[in-house]
$ cat work_10.cif   # mmCIF, C-alpha atoms and all ligand atoms
data_model
loop_
_atom_site.label_atom_id
_atom_site.label_comp_id
_atom_site.auth_asym_id
_atom_site.auth_seq_id
_atom_site.Cartn_x
_atom_site.Cartn_y
_atom_site.Cartn_z
CA MET A 1 110.41 71.97 70.19
CA LYS A 2 106.68 72.53 70.73
CA LEU A 3 105.87 69.61 68.41
CA LYS A 4 108.14 67.29 70.45
CA LYS A 5 106.41 68.35 73.66
CA LEU A 6 103.04 67.98 72.01
CA MET A 7 103.74 64.42 70.75
CA ALA A 8 105.12 63.37 74.13
CA GLY A 9 101.98 64.81 75.68
CA VAL A 10 99.74 62.70 73.47
CA MET A 11 101.53 59.54 74.72
CA VAL A 12 101.23 60.66 78.38
CA GLY A 13 97.58 61.50 77.84
CA ILE A 14 96.84 58.07 76.37
CA MET A 15 98.65 56.35 79.28
CA ALA A 16 96.85 58.47 81.90
CA PHE A 17 93.46 57.93 80.28
CA SER A 18 93.97 54.15 80.03
CA MET A 19 95.08 53.96 83.68
CA ALA A 20 92.05 56.03 84.73
CA ALA A 21 89.74 53.82 82.65
CA CYS A 22 91.12 50.79 84.45
CA SER A 23 90.78 52.38 87.88
CA GLY A 24 87.43 53.97 87.07
CA GLY A 25 88.75 57.36 88.18
CA SER A 26 89.25 60.55 86.20
CA ALA A 27 92.24 61.09 84.03
CA GLU A 28 92.74 64.18 86.18
CA THR A 29 94.93 63.34 89.14
CA GLU A 30 93.79 64.76 92.47
CA GLY A 31 96.36 66.53 94.60
CA PRO A 32 96.97 69.45 96.97
CA GLU A 33 96.53 73.09 95.95
CA THR A 34 100.23 73.32 95.23
CA GLN A 35 100.27 70.27 93.00
CA GLN A 36 102.79 70.77 90.23
CA GLN A 37 101.32 72.25 87.08
CA SER A 38 102.49 70.08 84.22
CA ASP A 39 102.19 70.45 80.48
CA ALA A 40 100.93 67.77 78.09
CA SER A 41 104.29 66.05 78.20
CA GLY A 42 104.16 65.88 82.00
CA GLU A 43 106.87 68.53 82.32
CA SER A 44 106.34 71.20 84.96
CA LYS A 45 104.87 74.37 83.47
CA THR A 46 107.27 77.24 83.81
CA VAL A 47 106.64 80.99 84.08
CA GLY A 48 109.40 83.37 82.99
CA ILE A 49 109.39 86.70 84.84
CA SER A 50 111.57 89.56 83.62
CA MET A 51 111.86 92.53 85.98
CA PRO A 52 113.82 95.70 85.08
CA THR A 53 116.05 96.24 88.08
CA GLN A 54 116.52 95.78 91.81
CA SER A 55 117.85 99.32 92.25
CA LEU A 56 114.32 100.78 92.19
CA GLU A 57 112.66 99.49 95.33
CA ARG A 58 109.24 98.47 94.10
CA TRP A 59 110.50 95.90 91.54
CA ASN A 60 112.00 93.77 94.29
CA ARG A 61 108.48 93.45 95.73
CA ASP A 62 106.94 92.83 92.31
CA GLY A 63 109.40 90.04 91.53
CA SER A 64 108.99 88.46 94.95
CA TYR A 65 105.19 88.60 94.94
CA LEU A 66 104.92 87.28 91.38
CA LYS A 67 107.28 84.38 92.15
CA GLN A 68 105.38 83.53 95.34
CA GLN A 69 102.01 83.64 93.60
CA PHE A 70 102.91 81.40 90.66
CA GLU A 71 104.85 78.95 92.83
CA SER A 72 101.90 78.74 95.22
CA LYS A 73 99.91 77.33 92.32
CA GLY A 74 102.57 74.76 91.47
CA TYR A 75 104.34 76.52 88.60
CA THR A 76 108.10 76.62 88.23
CA VAL A 77 109.32 80.23 88.09
CA GLU A 78 112.40 81.67 86.41
CA LEU A 79 112.85 85.26 87.69
CA THR A 80 115.39 87.67 86.20
CA TYR A 81 116.42 91.27 87.00
CA SER A 82 118.27 93.21 84.29
CA ASP A 83 119.97 96.02 86.25
CA ASN A 84 118.05 98.65 84.21
CA LYS A 85 120.18 97.70 81.19
CA ILE A 86 118.10 97.29 78.03
CA ASP A 87 120.53 94.90 76.31
CA GLN A 88 120.67 92.78 79.46
CA GLN A 89 116.88 92.50 79.56
CA VAL A 90 116.87 91.35 75.91
CA LYS A 91 119.45 88.68 76.81
CA ASP A 92 117.47 87.67 79.89
CA ILE A 93 114.27 87.28 77.87
CA GLU A 94 116.16 85.29 75.20
CA GLY A 95 117.35 82.99 77.98
CA LEU A 96 113.86 82.55 79.38
CA ILE A 97 112.43 81.74 75.95
CA ALA A 98 115.25 79.27 75.29
CA GLY A 99 114.40 77.62 78.59
CA GLU A 100 111.08 76.43 77.14
CA ILE A 101 108.82 78.51 79.35
CA ASP A 102 105.05 78.44 79.01
CA LEU A 103 104.26 82.09 79.94
CA LEU A 104 106.25 85.33 79.92
CA VAL A 105 105.63 88.21 82.35
CA ILE A 106 107.70 91.31 81.50
CA ALA A 107 108.12 94.76 83.06
CA ALA A 108 110.05 96.45 80.24
CA ILE A 109 112.97 98.81 80.85
CA ASP A 110 112.36 100.26 77.40
CA GLY A 111 108.92 99.62 75.97
CA GLN A 112 110.25 100.09 72.41
CA ALA A 113 113.18 97.66 72.68
CA LEU A 114 111.63 94.19 72.86
CA SER A 115 109.93 93.76 69.48
CA GLN A 116 112.71 91.62 68.00
CA VAL A 117 113.28 89.27 70.94
CA LEU A 118 109.55 88.72 71.37
CA LYS A 119 109.27 87.40 67.81
CA ASP A 120 110.70 84.15 69.24
CA ALA A 121 107.93 84.04 71.83
CA LYS A 122 105.40 84.44 69.06
CA ASP A 123 106.95 81.64 67.00
CA LEU A 124 106.73 79.36 70.06
CA GLU A 125 103.21 80.57 70.89
CA ILE A 126 104.24 81.68 74.37
CA PRO A 127 101.65 84.09 75.79
CA VAL A 128 103.19 87.36 77.01
CA ILE A 129 101.80 89.57 79.78
CA SER A 130 103.07 93.14 79.67
CA TYR A 131 103.45 93.88 83.36
CA ASP A 132 103.04 97.40 84.75
CA ARG A 133 104.71 99.08 81.77
CA LEU A 134 103.28 98.61 78.26
CA ILE A 135 105.53 96.96 75.69
CA ASN A 136 105.13 98.61 72.29
CA ASN A 137 105.42 97.67 68.60
CA THR A 138 104.85 93.96 68.97
CA ASP A 139 101.67 92.00 68.37
CA VAL A 140 102.78 89.22 70.71
CA ILE A 141 101.45 91.00 73.79
CA SER A 142 98.39 89.12 75.03
CA TYR A 143 97.41 91.41 77.90
CA TYR A 144 98.58 94.35 79.99
CA VAL A 145 98.34 94.45 83.78
CA SER A 146 99.07 97.71 85.55
CA PHE A 147 97.55 100.49 87.57
CA ASP A 148 95.58 103.33 86.00
CA ASN A 149 98.73 105.32 85.26
CA TYR A 150 96.97 108.48 84.08
CA LYS A 151 94.99 108.42 87.31
CA VAL A 152 98.25 108.24 89.30
CA GLY A 153 99.14 111.63 87.80
CA GLN A 154 95.65 113.00 88.27
CA LEU A 155 95.80 112.10 91.97
CA GLN A 156 99.08 114.02 92.29
CA GLY A 157 97.70 117.07 90.48
CA GLN A 158 94.41 117.03 92.36
CA PHE A 159 96.31 116.71 95.66
CA VAL A 160 98.04 120.02 94.85
CA VAL A 161 94.71 121.69 93.99
CA ASP A 162 92.97 120.40 97.12
CA THR A 163 95.87 121.01 99.52
CA LEU A 164 96.42 124.61 98.38
CA GLU A 165 92.68 125.14 97.82
CA LEU A 166 93.32 126.47 94.34
CA ASN A 167 90.30 128.22 92.85
CA LEU A 168 90.13 129.38 89.26
CA ASP A 169 87.89 132.23 90.40
CA ASP A 170 90.52 133.50 92.82
CA THR A 171 93.72 134.64 91.12
CA SER A 172 94.88 136.60 94.15
CA LYS A 173 96.89 133.63 95.48
CA LYS A 174 99.79 132.56 93.24
CA TYR A 175 102.25 129.68 93.63
CA ASN A 176 105.48 128.56 91.98
CA ILE A 177 105.70 124.94 90.82
CA GLU A 178 108.34 122.78 89.15
CA PHE A 179 107.83 119.39 87.46
CA THR A 180 109.98 116.25 87.54
CA ALA A 181 108.83 113.33 85.36
CA GLY A 182 110.11 109.81 84.74
CA ASP A 183 112.12 107.87 82.19
CA PRO A 184 111.25 108.69 78.55
CA ALA A 185 111.81 104.99 77.72
CA ASP A 186 109.09 104.01 80.18
CA ASN A 187 105.65 104.01 78.57
CA ASN A 188 104.13 104.86 81.94
CA ALA A 189 106.05 108.10 82.44
CA PRO A 190 104.06 110.32 80.03
CA PHE A 191 100.81 109.00 81.47
CA PHE A 192 101.90 110.02 84.98
CA PHE A 193 103.07 113.44 83.82
CA ASN A 194 100.06 114.16 81.60
CA GLY A 195 97.62 113.07 84.30
CA ALA A 196 99.08 115.64 86.69
CA PHE A 197 99.67 118.36 84.11
CA ASP A 198 96.16 118.12 82.70
CA VAL A 199 94.73 118.77 86.18
CA LEU A 200 97.08 121.70 86.83
CA LYS A 201 97.17 123.35 83.37
CA PRO A 202 94.02 125.44 83.90
CA TYR A 203 95.66 126.98 86.98
CA ILE A 204 98.86 127.63 85.00
CA ASP A 205 96.84 129.25 82.22
CA ALA A 206 95.05 131.40 84.82
CA GLY A 207 98.40 132.56 86.24
CA ILE A 208 97.65 131.00 89.64
CA LEU A 209 100.47 128.48 89.17
CA ASN A 210 103.72 129.73 87.69
CA VAL A 211 106.69 127.67 86.45
CA PRO A 212 109.78 129.89 86.91
CA SER A 213 112.08 127.44 85.08
CA GLY A 214 109.69 127.46 82.12
CA GLN A 215 110.07 123.65 81.92
CA THR A 216 106.57 122.33 81.22
CA GLU A 217 107.15 119.80 78.42
CA PHE A 218 107.61 116.11 79.25
CA GLN A 219 110.98 115.86 77.49
CA GLN A 220 112.25 118.89 79.47
CA VAL A 221 111.32 117.42 82.85
CA ALA A 222 111.97 113.70 82.20
CA THR A 223 114.47 111.71 84.29
CA LYS A 224 116.42 108.91 82.58
CA ALA A 225 116.07 105.60 84.43
CA TRP A 226 114.07 107.37 87.14
CA ASP A 227 117.50 107.99 88.67
CA THR A 228 117.60 109.79 92.03
CA ALA A 229 121.01 111.41 91.42
CA THR A 230 119.90 112.67 87.99
CA ALA A 231 116.78 114.23 89.54
CA LEU A 232 118.93 115.77 92.29
CA THR A 233 121.37 117.42 89.88
CA ARG A 234 118.66 118.73 87.57
CA PHE A 235 116.74 120.25 90.48
CA GLN A 236 119.88 121.85 91.93
CA ASN A 237 120.33 123.54 88.56
CA ILE A 238 116.71 124.71 88.51
CA LEU A 239 117.06 126.13 92.03
CA GLY A 240 120.36 127.83 91.20
CA SER A 241 118.97 129.40 88.02
CA ASN A 242 115.52 130.45 89.16
CA TYR A 243 115.29 130.55 92.95
CA SER A 244 118.52 132.15 94.15
CA GLY A 245 117.07 135.66 94.35
CA GLY A 246 114.52 134.92 97.04
CA THR A 247 111.90 133.43 94.70
CA GLN A 248 109.72 131.03 96.66
CA LEU A 249 109.22 127.44 95.52
CA ASP A 250 105.81 126.17 96.64
CA ILE A 251 105.36 122.85 94.83
CA ALA A 252 107.66 120.14 93.42
CA LEU A 253 105.45 117.78 91.40
CA CYS A 254 107.46 114.54 91.11
CA SER A 255 106.08 111.53 89.23
CA ASN A 256 107.57 108.93 91.58
CA ASP A 257 109.48 108.44 94.83
CA SER A 258 112.97 107.80 93.43
CA THR A 259 112.88 111.19 91.66
CA ALA A 260 111.14 112.84 94.63
CA LEU A 261 114.03 111.65 96.81
CA GLY A 262 116.52 113.49 94.61
CA VAL A 263 114.37 116.63 94.47
CA THR A 264 113.95 116.60 98.26
CA GLN A 265 117.72 116.29 98.70
CA ALA A 266 118.22 119.24 96.31
CA ILE A 267 115.74 121.35 98.25
CA ASP A 268 117.46 120.40 101.51
CA SER A 269 120.88 121.41 100.19
CA ASP A 270 120.17 124.24 97.73
CA TYR A 271 116.84 125.95 98.46
CA ALA A 272 117.21 129.12 100.53
CA GLY A 273 113.49 129.55 101.26
CA THR A 274 112.10 128.70 104.68
CA ASN A 275 108.67 127.53 103.53
CA LYS A 276 107.66 123.87 103.41
CA VAL A 277 107.57 122.77 99.77
CA LEU A 278 104.69 120.49 98.75
CA ILE A 279 106.39 117.43 97.23
CA THR A 280 104.54 114.56 95.51
CA GLY A 281 105.73 111.01 94.77
CA GLN A 282 104.62 107.49 93.86
CA ASP A 283 105.35 103.92 95.03
CA GLY A 284 105.66 104.15 98.80
CA ASP A 285 109.44 103.64 98.84
CA GLU A 286 110.68 103.31 102.43
CA ALA A 287 112.97 106.37 102.29
CA ASN A 288 110.10 108.50 101.02
CA LEU A 289 107.63 107.19 103.58
CA ALA A 290 110.17 108.16 106.25
CA ASN A 291 110.32 111.63 104.66
CA ILE A 292 106.52 111.77 104.75
CA VAL A 293 106.55 110.85 108.46
CA ASP A 294 109.18 113.58 109.01
CA GLY A 295 107.20 116.14 106.95
CA LYS A 296 109.83 116.42 104.16
CA GLN A 297 107.58 114.89 101.49
CA THR A 298 103.86 115.57 101.41
CA MET A 299 102.33 112.57 99.67
CA THR A 300 103.00 109.48 97.63
CA VAL A 301 100.68 107.46 95.41
CA TYR A 302 100.73 103.87 96.61
CA LYS A 303 100.16 100.96 94.25
CA ALA A 304 99.64 97.63 96.02
CA VAL A 305 101.91 95.53 93.81
CA ALA A 306 100.87 92.51 95.86
CA ASN A 307 97.46 92.88 94.19
CA GLU A 308 99.05 93.51 90.80
CA ALA A 309 100.75 90.14 91.24
CA ILE A 310 97.47 88.43 92.14
CA ALA A 311 95.80 89.84 89.05
CA THR A 312 98.75 88.72 86.94
CA LEU A 313 98.61 85.23 88.45
CA ASP A 314 94.91 84.72 87.70
CA LEU A 315 95.34 86.14 84.20
CA GLY A 316 98.40 83.96 83.63
CA VAL A 317 96.66 80.79 84.85
CA ALA A 318 93.76 81.46 82.49
CA LEU A 319 96.19 81.90 79.58
CA LEU A 320 98.08 78.74 80.54
CA ASN A 321 94.75 76.92 80.53
CA GLY A 322 94.20 78.11 76.97
CA GLU A 323 91.47 80.58 77.89
CA THR A 324 90.94 84.09 76.47
CA PRO A 325 90.10 86.13 79.57
CA ASP A 326 87.95 89.23 79.45
CA GLU A 327 86.17 91.44 81.99
CA SER A 328 84.68 88.37 83.67
CA LEU A 329 88.12 87.44 85.01
CA ILE A 330 87.65 90.22 87.56
CA SER A 331 84.34 88.98 88.95
CA ASN A 332 85.18 85.29 88.59
CA SER A 333 88.46 85.69 90.51
CA GLY A 334 86.78 87.31 93.50
CA TRP A 335 89.55 89.88 93.93
CA ASP A 336 89.13 92.04 97.03
CA PHE A 337 90.67 95.04 95.29
CA GLU A 338 89.42 97.41 92.59
CA CYS A 339 90.32 96.62 89.00
CA ILE A 340 88.88 97.76 85.67
CA TYR A 341 89.05 95.96 82.33
CA ASP A 342 90.11 98.50 79.70
CA THR A 343 90.07 97.79 75.97
CA GLU A 344 90.57 101.36 74.76
CA SER A 345 93.41 103.22 76.51
CA TYR A 346 96.53 101.28 75.66
CA ASP A 347 97.38 101.03 71.96
CA ASN A 348 100.89 99.57 71.73
CA GLY A 349 101.38 100.43 68.07
CA THR A 350 99.94 97.17 66.79
CA GLY A 351 96.48 97.67 68.24
CA THR A 352 94.79 98.18 71.59
CA ILE A 353 95.99 95.77 74.27
CA PRO A 354 93.27 94.50 76.66
CA SER A 355 94.29 95.77 80.08
CA TYR A 356 93.53 95.10 83.71
CA LEU A 357 94.09 98.36 85.62
CA LEU A 358 94.17 98.49 89.41
CA THR A 359 93.38 101.59 91.44
CA PRO A 360 96.13 103.67 93.10
CA THR A 361 95.82 105.28 96.55
CA VAL A 362 96.97 108.65 97.91
CA ILE A 363 99.14 108.24 101.01
CA THR A 364 99.91 111.07 103.43
CA LYS A 365 101.17 111.13 107.01
CA ASP A 366 97.52 110.88 108.12
CA ASN A 367 96.66 107.53 106.53
CA ILE A 368 99.93 105.56 106.61
CA GLN A 369 98.56 103.52 109.51
CA THR A 370 95.21 102.64 107.94
CA GLU A 371 96.28 102.26 104.30
CA LEU A 372 99.73 100.70 104.69
CA VAL A 373 100.12 99.19 108.15
CA ASP A 374 96.63 97.93 108.99
CA THR A 375 96.48 96.38 105.50
CA GLY A 376 99.63 94.38 106.26
CA TYR A 377 101.75 95.88 103.46
CA TYR A 378 104.14 97.61 105.90
CA THR A 379 105.14 97.46 109.55
CA LEU A 380 106.43 100.40 111.59
CA ASP A 381 109.99 100.24 112.92
CA GLU A 382 111.10 101.56 116.31
CA ASN A 383 111.24 105.11 114.88
CA GLY A 384 107.73 104.90 113.47
CA TYR A 385 109.04 104.58 109.91
CA PRO A 386 107.17 102.16 107.59
CA LYS A 387 109.09 99.07 106.43
CA GLY A 388 107.79 96.96 103.57
CA VAL A 389 106.63 93.45 104.43
CA GLN A 390 108.44 91.00 102.20
C1 LIG B 1 107.17 103.03 86.58
C2 LIG B 1 106.37 102.41 87.67
C3 LIG B 1 106.39 103.32 88.82
C4 LIG B 1 107.69 104.10 89.00
C5 LIG B 1 108.79 103.86 88.00
C6 LIG B 1 110.10 103.47 88.63
O1 LIG B 1 106.96 102.39 85.39
O2 LIG B 1 105.02 102.17 87.27
O3 LIG B 1 105.97 102.59 89.92
O4 LIG B 1 108.22 103.91 90.27
O5 LIG B 1 108.51 102.95 87.03
O6 LIG B 1 110.10 102.14 89.00
#

$ encode --input "work_10.cif" --output "structure tokens"
Amino acid sequence: MKLKKLMAGVMVGIMAFSMAACSGGSAETEGPETQQQSDASGESKTVGISMPTQSLERWNRDGSYLKQQFESKGYTVELTYSDNKIDQQVKDIEGLIAGEIDLLVIAAIDGQALSQVLKDAKDLEIPVISYDRLINNTDVISYYVSFDNYKVGQLQGQFVVDTLELNLDDTSKKYNIEFTAGDPADNNAPFFFNGAFDVLKPYIDAGILNVPSGQTEFQQVATKAWDTATALTRFQNILGSNYSGGTQLDIALCSNDSTALGVTQAIDSDYAGTNKVLITGQDGDEANLANIVDGKQTMTVYKAVANEAIATLDLGVALLNGETPDESLISNSGWDFECIYDTESYDNGTGTIPSYLLTPTVITKDNIQTELVDTGYYTLDENGYPKGVQ
């Protein structure tokens, strides 16, 4: 299939060059910014985008932003959502590859489940960008674009330390904390959890932070599919088993907003204490931002996926132009957001994947206006609740 396209391209190239030679112009045709991007055979270049689900709020924004960005540069976009079903995502990616795409952008449901299907992409020399979540055990991954996931967790852990003014030299104040992490199939989830736990472990070791449930290992606190109802049920069980006798819960460290929503609902329904529990999250989901405005959730870590899409666009265009981007992509693209080029942190089992990592932001009630509304990412509805701009 590639050979056919290549041969057709040679003919088109010869025709274009001869016409240009006659007219004295360049073989390159001028045109508007959104001129169609065509391959050697004159066919429109196509970008295949595979998103995990629409049931977790952020991915709707990711898919929409990515589609907008690539279409704005004249690419044809095929966008799929796989309903958080691993087999469906494999089928969706098979369909994209069969559709003769020129670039694949994938946010994996299960980072271990795509090795086989991506062999076809390798055979067809389709570059693959691992988007937001690292895809493992395949050497077809060209690059990884995400946020600094370990830092997301560190920000959550440090927020707890700073808010409660924890001090390793002062063991007189003690607090009870419980952890809720993400999907074990998601390569990001351990990074989030470890980032937070590594900040808080010294305080646990010093006896300043206690974990009444005893659940401090990732596998114990993980939440399949990041599911809100699963997080709710698990936390109701933790409250029933460890907090029914008047024990106070001070902190619920949740890796993201969909799990924080379930934990908050469990605390609302099943926690007998009257204190305000410090609850963390990630993503800036609308329901959680409303809870932050209402004082039910304390913070979320916001990741401007609009910028993640811009970084992915510029990386994808470079790959489609046959380039091998490196750190200079950041400075050459003139991005107005922070991004680091990392060639050490993300080994996907076949070697370290060069990564572009954007910087996450702590959001509390105090900076929703400046960080989310003034930046244009959200508007405020009539109740003062942030609504995502799509
Ligand atoms: C993670 C993603 C987070 C989190 C979760 C659920 O991989 O980086 O933003 O929300 O998935 O979508």

$ residues_near_ligand --input "work_10.cif" --ligand "ligand LIG 1 (chain B)" --cutoff "8 Å" --atoms "all atoms listed in the file" --output "list in words"
Leu56, Glu57, Arg58, Trp59, Asp132, Arg133, Ser146, Phe147, Asn149, Gly182, Asp183, Asp186, Asn187, Asn188, Ala189, Ala225, Trp226, Ser255, Asn256, Asp257, Ser258, Gln282, Asp283 and Lys303 of chain A

$ closest_residue --input "work_10.cif" --among "A:Gly295, A:Gly334, A:Gly388, A:Gly351" --to "Ala311 in chain A" --atoms "all atoms listed in the file"
A:Gly334

$ closest_atom_pairs --input "work_10.cif" --of "range 275-320 of chain A" --to "range 232-250 of chain A" --cutoff "8 Å" --atoms "all atoms listed in the file" --output "tab-separated table"
residue	atom	partner	partner_atom	distance
A:Asn275	CA	A:Asp250	CA	7.6
A:Lys276	CA	A:Asp250	CA	7.4
A:Val277	CA	A:Asp250	CA	4.9
A:Leu278	CA	A:Asp250	CA	6.2

$ residues_around --input "work_10.cif" --residues "Thr324 in chain A" --least-positions-apart "2" --cutoff "12 Å" --atoms "all atoms listed in the file" --output "CSV table (one decimal) with C-alpha atoms, in the coordinates of the input"
chain,number,residue,atom,x,y,z
A,127,PRO,CA,101.6,84.1,75.8
A,142,SER,CA,98.4,89.1,75.0
A,143,TYR,CA,97.4,91.4,77.9
A,314,ASP,CA,94.9,84.7,87.7
A,315,LEU,CA,95.3,86.1,84.2
A,316,GLY,CA,98.4,84.0,83.6
A,317,VAL,CA,96.7,80.8,84.8
A,318,ALA,CA,93.8,81.5,82.5
A,319,LEU,CA,96.2,81.9,79.6
A,320,LEU,CA,98.1,78.7,80.5
A,321,ASN,CA,94.8,76.9,80.5
A,322,GLY,CA,94.2,78.1,77.0
A,326,ASP,CA,88.0,89.2,79.4
A,327,GLU,CA,86.2,91.4,82.0
A,328,SER,CA,84.7,88.4,83.7
A,329,LEU,CA,88.1,87.4,85.0
A,354,PRO,CA,93.3,94.5,76.7

$ closest_residue --input "work_10.cif" --among "A:Leu372, A:Ala196, A:Ile330, A:Ile340" --to "Thr280 in chain A" --atoms "only C-alpha atoms"
A:Ala196

$ residues_around --input "work_10.cif" --residues "Phe193 in chain A" --least-positions-apart "5" --cutoff "12 Å" --atoms "all atoms listed in the file" --output "JSON list (two decimals) with C-alpha atoms, in the coordinates of the input"
[["chain", "number", "residue", "atom", "x", "y", "z"],
["A", 149, "ASN", "CA", 98.73, 105.32, 85.26],
["A", 150, "TYR", "CA", 96.97, 108.48, 84.08],
["A", 151, "LYS", "CA", 94.99, 108.42, 87.31],
["A", 152, "VAL", "CA", 98.25, 108.24, 89.30],
["A", 153, "GLY", "CA", 99.14, 111.63, 87.80],
["A", 154, "GLN", "CA", 95.65, 113.00, 88.27],
["A", 155, "LEU", "CA", 95.80, 112.10, 91.97],
["A", 156, "GLN", "CA", 99.08, 114.02, 92.29],
["A", 157, "GLY", "CA", 97.70, 117.07, 90.48],
["A", 178, "GLU", "CA", 108.34, 122.78, 89.15],
["A", 179, "PHE", "CA", 107.83, 119.39, 87.46],
["A", 180, "THR", "CA", 109.98, 116.25, 87.54],
["A", 181, "ALA", "CA", 108.83, 113.33, 85.36],
["A", 182, "GLY", "CA", 110.11, 109.81, 84.74],
["A", 183, "ASP", "CA", 112.12, 107.87, 82.19],
["A", 184, "PRO", "CA", 111.25, 108.69, 78.55],
["A", 186, "ASP", "CA", 109.09, 104.01, 80.18],
["A", 187, "ASN", "CA", 105.65, 104.01, 78.57],
["A", 188, "ASN", "CA", 104.13, 104.86, 81.94],
["A", 198, "ASP", "CA", 96.16, 118.12, 82.70],
["A", 199, "VAL", "CA", 94.73, 118.77, 86.18],
["A", 200, "LEU", "CA", 97.08, 121.70, 86.83],
["A", 201, "LYS", "CA", 97.17, 123.35, 83.37],
["A", 216, "THR", "CA", 106.57, 122.33, 81.22],
["A", 217, "GLU", "CA", 107.15, 119.80, 78.42],
["A", 218, "PHE", "CA", 107.61, 116.11, 79.25],
["A", 219, "GLN", "CA", 110.98, 115.86, 77.49],
["A", 220, "GLN", "CA", 112.25, 118.89, 79.47],
["A", 221, "VAL", "CA", 111.32, 117.42, 82.85],
["A", 222, "ALA", "CA", 111.97, 113.70, 82.20],
["A", 223, "THR", "CA", 114.47, 111.71, 84.29],
["A", 253, "LEU", "CA", 105.45, 117.78, 91.40],
["A", 254, "CYS", "CA", 107.46, 114.54, 91.11],
["A", 255, "SER", "CA", 106.08, 111.53, 89.23],
["A", 256, "ASN", "CA", 107.57, 108.93, 91.58],
["A", 280, "THR", "CA", 104.54, 114.56, 95.51],
["A", 281, "GLY", "CA", 105.73, 111.01, 94.77],
["A", 282, "GLN", "CA", 104.62, 107.49, 93.86]]

$ residues_around --input "work_10.cif" --residues "range 116-118 of chain A" --least-positions-apart "2" --cutoff "12 Å" --atoms "all atoms listed in the file" --output "ChimeraX atom specification"
/A:86-98,104-106,108,111-114,120-130,135-142

$ write_last_selection --input "work_10.cif" --atoms "C-alpha atoms" --output "PDB file, keeping the file's coordinate frame"
ATOM      1  CA  ILE A  86     118.100  97.290  78.030  1.00  0.00           C
ATOM      2  CA  ASP A  87     120.530  94.900  76.310  1.00  0.00           C
ATOM      3  CA  GLN A  88     120.670  92.780  79.460  1.00  0.00           C
ATOM      4  CA  GLN A  89     116.880  92.500  79.560  1.00  0.00           C
ATOM      5  CA  VAL A  90     116.870  91.350  75.910  1.00  0.00           C
ATOM      6  CA  LYS A  91     119.450  88.680  76.810  1.00  0.00           C
ATOM      7  CA  ASP A  92     117.470  87.670  79.890  1.00  0.00           C
ATOM      8  CA  ILE A  93     114.270  87.280  77.870  1.00  0.00           C
ATOM      9  CA  GLU A  94     116.160  85.290  75.200  1.00  0.00           C
ATOM     10  CA  GLY A  95     117.350  82.990  77.980  1.00  0.00           C
ATOM     11  CA  LEU A  96     113.860  82.550  79.380  1.00  0.00           C
ATOM     12  CA  ILE A  97     112.430  81.740  75.950  1.00  0.00           C
ATOM     13  CA  ALA A  98     115.250  79.270  75.290  1.00  0.00           C
ATOM     14  CA  LEU A 104     106.250  85.330  79.920  1.00  0.00           C
ATOM     15  CA  VAL A 105     105.630  88.210  82.350  1.00  0.00           C
ATOM     16  CA  ILE A 106     107.700  91.310  81.500  1.00  0.00           C
ATOM     17  CA  ALA A 108     110.050  96.450  80.240  1.00  0.00           C
ATOM     18  CA  GLY A 111     108.920  99.620  75.970  1.00  0.00           C
ATOM     19  CA  GLN A 112     110.250 100.090  72.410  1.00  0.00           C
ATOM     20  CA  ALA A 113     113.180  97.660  72.680  1.00  0.00           C
ATOM     21  CA  LEU A 114     111.630  94.190  72.860  1.00  0.00           C
ATOM     22  CA  ASP A 120     110.700  84.150  69.240  1.00  0.00           C
ATOM     23  CA  ALA A 121     107.930  84.040  71.830  1.00  0.00           C
ATOM     24  CA  LYS A 122     105.400  84.440  69.060  1.00  0.00           C
ATOM     25  CA  ASP A 123     106.950  81.640  67.000  1.00  0.00           C
ATOM     26  CA  LEU A 124     106.730  79.360  70.060  1.00  0.00           C
ATOM     27  CA  GLU A 125     103.210  80.570  70.890  1.00  0.00           C
ATOM     28  CA  ILE A 126     104.240  81.680  74.370  1.00  0.00           C
ATOM     29  CA  PRO A 127     101.650  84.090  75.790  1.00  0.00           C
ATOM     30  CA  VAL A 128     103.190  87.360  77.010  1.00  0.00           C
ATOM     31  CA  ILE A 129     101.800  89.570  79.780  1.00  0.00           C
ATOM     32  CA  SER A 130     103.070  93.140  79.670  1.00  0.00           C
ATOM     33  CA  ILE A 135     105.530  96.960  75.690  1.00  0.00           C
ATOM     34  CA  ASN A 136     105.130  98.610  72.290  1.00  0.00           C
ATOM     35  CA  ASN A 137     105.420  97.670  68.600  1.00  0.00           C
ATOM     36  CA  THR A 138     104.850  93.960  68.970  1.00  0.00           C
ATOM     37  CA  ASP A 139     101.670  92.000  68.370  1.00  0.00           C
ATOM     38  CA  VAL A 140     102.780  89.220  70.710  1.00  0.00           C
ATOM     39  CA  ILE A 141     101.450  91.000  73.790  1.00  0.00           C
ATOM     40  CA  SER A 142      98.390  89.120  75.030  1.00  0.00           C
TER      41      SER A 142
END

$ atom_distance --input "work_10.cif" --atom1 "CA of Leu261 in chain A" --atom2 "CA of Leu209 in chain A"
22.9 Å

$ residues_around --input "work_10.cif" --residues "Thr375 in chain A" --least-positions-apart "2" --cutoff "12 Å" --atoms "all atoms listed in the file" --output "PyMOL selection string"
chain A and resi 304+306-307+337+367-373+377-379+388-389

$ closest_residue --input "work_10.cif" --among "A:Asn288, A:Thr259, A:Asn332, A:Ser72" --to "Asp227 in chain A" --atoms "all atoms listed in the file"
A:Thr259

$ atom_distance --input "work_10.cif" --atom1 "CA of Thr298 in chain A" --atom2 "CA of Lys365 in chain A"
7.6 Å

$ atom_distance --input "work_10.cif" --atom1 "CA of Gln35 in chain A" --atom2 "CA of Thr80 in chain A"
24.0 Å

$ residues_around --input "work_10.cif" --residues "Val293 in chain A" --least-positions-apart "6" --cutoff "10 Å" --atoms "all atoms listed in the file" --output "count of residues only"
10
